[in-house]
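Colleague: Got a structure here, written out as structure tokens. Questions coming.
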2 protein chains.
Amino acid sequence: MEHSGKGDPAKSIALLWRKRGESMPIGRSGLTVDSIVDAAIELADETSLAELSMRAIAKRLGVGVMSLYTHIPGKNELIDLMVDTVSGEVAIPIRTDRGWRSDIEDVVANYRRLCLRHRWLVYIIETRPVIGPNTLAAWNVLLTPLDGIGLTEVEMDRITSLLGGFVTTSARREIELANVERVTGESLNSWWMSNEALLTRVMDTSTTPVAERVGNVVQEGDLDQDNLRTGFAFQLDLLLNGIELLINTRTAAL
Amino acid sequence: MEHSGKGDPAKSIALLWRKRGESMPIGRSGLTVDSIVDAAIELADETSLAELSMRAIAKRLGVGVMSLYTHIPGKNELIDLMVDTVSGEVAIPIRTDRGWRSDIEDVVANYRRLCLRHRWLVYIIETRPVIGPNTLAAWNVLLTPLDGIGLTEVEMDRITSLLGGFVTTSARREIELANVERVTGESLNSWWMSNEALLTRVMDTSTTPVAERVGNVVQEGDLDQDNLRTGFAFQLDLLLNGIELLINTRTAAL
DNA sequence: ACTCCCCACCGTACGGTGTATGCTCAAGCG
DNA sequence: CGCTTGAGCATACACCGTACGGTGGGGAGT
């Protein structure tokens with residue numbers, strides 16, 4: 001179970017807001033905070049969060065394990081740094097004239113791509129909000145389209161929290177299903193079919209008629225990536241509709 | 001990182017659909033699948049998912065560690081069993097005459113209470129859908145209010161998935177914030193204040209004006225439990241509004 | 001009643017994790 | 001040139017999940 005915001009807050013904050021890339025005093029082996037974080041991100045990208053160990057990072061850098069601790073208090077703080085670093089990849093928003101809804105869709109799509117590019121990101125549980133320069137900028141990006149359209153600040157916060165949670169959850173589901181293919185080697189549908197056969201033999205759906213009906217319809221086609229993307233769009237639409245309704249009642253009340 | 005659906009699917013399914021409480025052949029020490037699962041749930045309730053180890057479970061039951069493996073293939077399958085068991089606690093729904101929206105609110109509130117009662121539940125990542133008798137029943141409960149109001153089966157599935165993800169994410173955030181109080185011993189607000197002071201010294205918000213403004217409004221009161229509940233209700237309302245809009249356009253098209 | 005076999009039970013061990021401790025030794029400085 | 005400082009790191013510890021192989025008690029067969 002990997003957490004962000006679980007380390008010493010003071011130490012994390014100091015590291016997060018360090019001057020990145022500045023000519024830091026470099027020791028014999030050339031180890032820096034930046035190089036450690038970069039190596040950790042690459043490693044997690046190539047393997048997974050479960051395989052991200054201090055020993056593996058050290059090996060990749062060609063240094064001893066404990067050398068890492070000269071630059072970083074511990075693994076928890078390192079994860080804070082990883083999260084903030086990749087958060088820097090979300091593009092700076094250009095507020096278009098197509099309206100808030102289209103802008104939000106762009107930002108959400110960006111964040112979703114970020115999650116799919118760094119497939120470990122969606123597994124990190126936010127113990128406490130860790131505010132680094134890039135996560136702060138990313139939050140600003142998400143907030144901007146919602147600004148000046150009749151929402152209070154508290155509402156804007158709650159909406160971004162809802163949207164962020166939605167994208168993370170949705171991307172995680174997608175990644176998990178892709179992993180099944182990667183690990184088992186067979187397609188999702190064939191994997192499901194083989195287990196489906198076993199399940200129907202023991203399962204009793206007599207008391208759950210609705211679930212049985214919906215399950216039967218869904219099982220056939222819901223497991224490929226296309227369907228997941230359609231589902232994502234559908235759910236996002238639902239969310240945005242809810243937001244739009246709120247805005248309309250707000251402006252109508254004026 | 002704890003997963004559900006990560007063990008051998010066949011083994012998990014066989015165990016999930018076992019006849020619970022049946023007079024199983026009990027060995028010398030009285031160990032059964034049920035007693036192991038119950039002990040694991042109690043332990044996780046009292047401590048946390050991180051502290052749930054096979055050794056701790058064995059100690060609680062007064063048996064050797066490896067004895068557990070006689071009844072259960074491994075920890076992954078045990079977690080599947082834990083999830084399905086506590087899922088049995090969600091009350092059977094009685095479809096009221098107050099309409100689908102009120103019914104959904106009831107079910108969602110039930111599921112939310114379940115998450116808060118078993119604070120480890122929200123940390124379990126669903127690798128693959130694990131269909132046990134109780135999770136199936138719970139899904140049926142969530143689906144039932146959405147049945148017969150003009151939605152397709154695929155839409156019903158996507159809406160339940162959206163709602164389930166929302167409740168889990170929201171409850172997890174609430175639990176995490178409560179944990180900060182439990183661990184640090186100080187209130188959320190005072191904890192935040194002390195770190196806020198440190199943060200504002202190093203933080204640069206000149207390029208993130210919206211985030212700064214929203215952050216300033218939010219930081220003051222957003223960290224107590226009351227505010228979290230209000231936020232949950234607000235976000236759920238948004239979601240339900242989106243669903244209602246969909247239904248309305250659907251029935252209007254008839 | 002005696003024997004035998006099966007399997008629930010479990011002690012030990014292996015390879016992994018994060019990190020505390022204390023040593024070594026190169027670099028910078030007076 | 002000698003000394004201090006701290007980066008680098010080998011070792012060790014307390015955990016984790018679980019593979020392996022031995023033991024011994026209870027049920028079945030004669």
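Residues are named by chain letter and number: chains run A, B, ... in the order of the structure tokens, numbers start at 1 in each chain, and ligands are numbered from 1 in the order shown.
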Which chain D residues are at most 7 Å from chain A (counting only C-alpha atoms (C1' of nucleotides)), as a list in words?

Modeller: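 Residues of chain D within 7 Å of chain A, counting only C-alpha atoms (C1' of nucleotides): DA7, DG8 and DC9 of chain D.
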
Colleague: Name the residues of stretch 94-179 of chain B that fall into helix (DSSP H, G or I) according to DSSP on the backbone, using the chain letters and numbers of this document, as a ChimeraX atom specification.

Modeller: /B:100-117,121-123,133-146,153-179

Colleague: Now that the selection is made, can you save its residues with C-alpha atoms as a CSV table (one decimal), in the first residue's frame?

Modeller:
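For reference, again08.csv as written:
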chain,number,residue,atom,x,y,z
B,100,TRP,CA,-35.7,6.0,-7.6
B,101,ARG,CA,-33.7,9.0,-6.4
B,102,SER,CA,-34.6,8.5,-2.8
B,103,ASP,CA,-34.0,4.8,-3.0
B,104,ILE,CA,-30.6,5.3,-4.5
B,105,GLU,CA,-29.7,7.8,-1.7
B,106,ASP,CA,-30.6,5.1,0.8
B,107,VAL,CA,-28.5,2.4,-0.8
B,108,VAL,CA,-25.6,4.8,-1.3
B,109,ALA,CA,-25.8,5.8,2.4
B,110,ASN,CA,-25.8,2.2,3.4
B,111,TYR,CA,-22.7,1.5,1.3
B,112,ARG,CA,-21.0,4.5,2.7
B,113,ARG,CA,-21.7,3.4,6.3
B,114,LEU,CA,-20.3,0.0,5.4
B,115,CYS,CA,-17.1,1.6,4.2
B,116,LEU,CA,-16.8,3.7,7.4
B,117,ARG,CA,-17.5,0.6,9.6
B,121,LEU,CA,-12.5,-1.9,2.7
B,122,VAL,CA,-11.8,1.3,0.7
B,123,TYR,CA,-8.1,0.5,0.3
B,133,PRO,CA,-22.9,-14.2,-3.2
B,134,ASN,CA,-22.9,-11.1,-1.1
B,135,THR,CA,-21.2,-8.7,-3.5
B,136,LEU,CA,-23.6,-10.0,-6.2
B,137,ALA,CA,-26.5,-9.2,-3.8
B,138,ALA,CA,-25.1,-5.8,-3.1
B,139,TRP,CA,-24.8,-5.0,-6.7
B,140,ASN,CA,-28.4,-6.2,-7.2
B,141,VAL,CA,-29.5,-3.8,-4.4
B,142,LEU,CA,-27.8,-0.9,-6.2
B,143,LEU,CA,-29.3,-1.8,-9.5
B,144,THR,CA,-32.8,-2.3,-8.4
B,145,PRO,CA,-33.8,1.3,-8.0
B,146,LEU,CA,-32.5,2.0,-11.4
B,153,GLU,CA,-28.8,-2.4,-19.0
B,154,VAL,CA,-25.4,-1.0,-20.1
B,155,GLU,CA,-26.3,2.4,-18.7
B,156,MET,CA,-27.4,0.8,-15.4
B,157,ASP,CA,-24.1,-0.9,-15.2
B,158,ARG,CA,-22.1,2.3,-15.9
B,159,ILE,CA,-24.2,4.2,-13.4
B,160,THR,CA,-23.6,1.7,-10.6
B,161,SER,CA,-19.9,1.7,-11.4
B,162,LEU,CA,-19.8,5.4,-11.2
B,163,LEU,CA,-21.7,5.5,-7.9
B,164,GLY,CA,-19.7,2.8,-6.4
B,165,GLY,CA,-16.4,4.5,-7.3
B,166,PHE,CA,-17.7,7.7,-5.9
B,167,VAL,CA,-18.7,6.4,-2.6
B,168,THR,CA,-15.4,4.5,-2.2
B,169,THR,CA,-13.2,7.5,-3.1
B,170,SER,CA,-15.2,9.8,-0.9
B,171,ALA,CA,-15.2,7.5,2.1
B,172,ARG,CA,-11.4,6.9,1.7
B,173,ARG,CA,-10.8,10.6,1.8
B,174,GLU,CA,-12.9,10.9,4.9
B,175,ILE,CA,-11.1,8.0,6.6
B,176,GLU,CA,-7.7,9.3,5.7
B,177,LEU,CA,-8.4,12.7,7.3
B,178,ALA,CA,-9.8,11.0,10.4
B,179,ASN,CA,-6.5,9.0,10.6

Colleague: Please report as JSON lines every residue of chain B lying within 6 Å of chain A, along with the nearest atom pair and their distance in Å (one decimal), using only C-alpha atoms.

Modeller:
{"residue": "B:Met1", "atom": "CA", "partner": "A:Met1", "partner_atom": "CA", "distance": 3.5}
{"residue": "B:Thr127", "atom": "CA", "partner": "A:Glu176", "partner_atom": "CA", "distance": 5.4}
{"residue": "B:Asn140", "atom": "CA", "partner": "A:Ala211", "partner_atom": "CA", "distance": 4.8}
{"residue": "B:Glu153", "atom": "CA", "partner": "A:Val214", "partner_atom": "CA", "distance": 5.1}
{"residue": "B:Glu176", "atom": "CA", "partner": "A:Thr127", "partner_atom": "CA", "distance": 5.4}
{"residue": "B:Thr208", "atom": "CA", "partner": "A:Asn140", "partner_atom": "CA", "distance": 5.7}
{"residue": "B:Val210", "atom": "CA", "partner": "A:Asn140", "partner_atom": "CA", "distance": 6.0}
{"residue": "B:Ala211", "atom": "CA", "partner": "A:Asn140", "partner_atom": "CA", "distance": 4.7}
{"residue": "B:Val214", "atom": "CA", "partner": "A:Glu153", "partner_atom": "CA", "distance": 5.1}
{"residue": "B:Leu238", "atom": "CA", "partner": "A:Gly242", "partner_atom": "CA", "distance": 4.6}
{"residue": "B:Leu239", "atom": "CA", "partner": "A:Leu239", "partner_atom": "CA", "distance": 5.7}
{"residue": "B:Asn241", "atom": "CA", "partner": "A:Gly242", "partner_atom": "CA", "distance": 4.9}
{"residue": "B:Gly242", "atom": "CA", "partner": "A:Gly242", "partner_atom": "CA", "distance": 4.1}

Colleague: Compile the residues of chain C that lie within 8 Å of chain B, evaluated using only C-alpha atoms (C1' of nucleotides), and express the compilation as a list of chain:residue names.

Modeller: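 That gives the following set of residues: C:DA8, C:DC9, C:DC10.
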
Colleague: So what do you get for atom C1' of D:DG27 versus atom C1' of C:DC7, distance-wise?

Modeller: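 Answer for the atom C1' of D:DG27 to atom C1' of C:DC7 separation: 11.2 Å.
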
Colleague: Mind giving me the straight-line distance from atom CA of A:Ile57 to atom C1' of D:DA14 in Å, one decimal?

Modeller: 22.0 Å

Colleague: If you measure from atom C1' of C:DA1 to atom C1' of D:DT30, what distance in Å do you get, rounded to one decimal?

Modeller: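 Here the two named atoms are 10.3 Å from each other.
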
Colleague: List the neighbours of C:DC29 out to 12 Å using only C-alpha atoms (C1' of nucleotides); skip same-chain residues closer than 5 positions along the sequence, and give me the result as a ChimeraX atom specification.

Modeller: /D:1-5
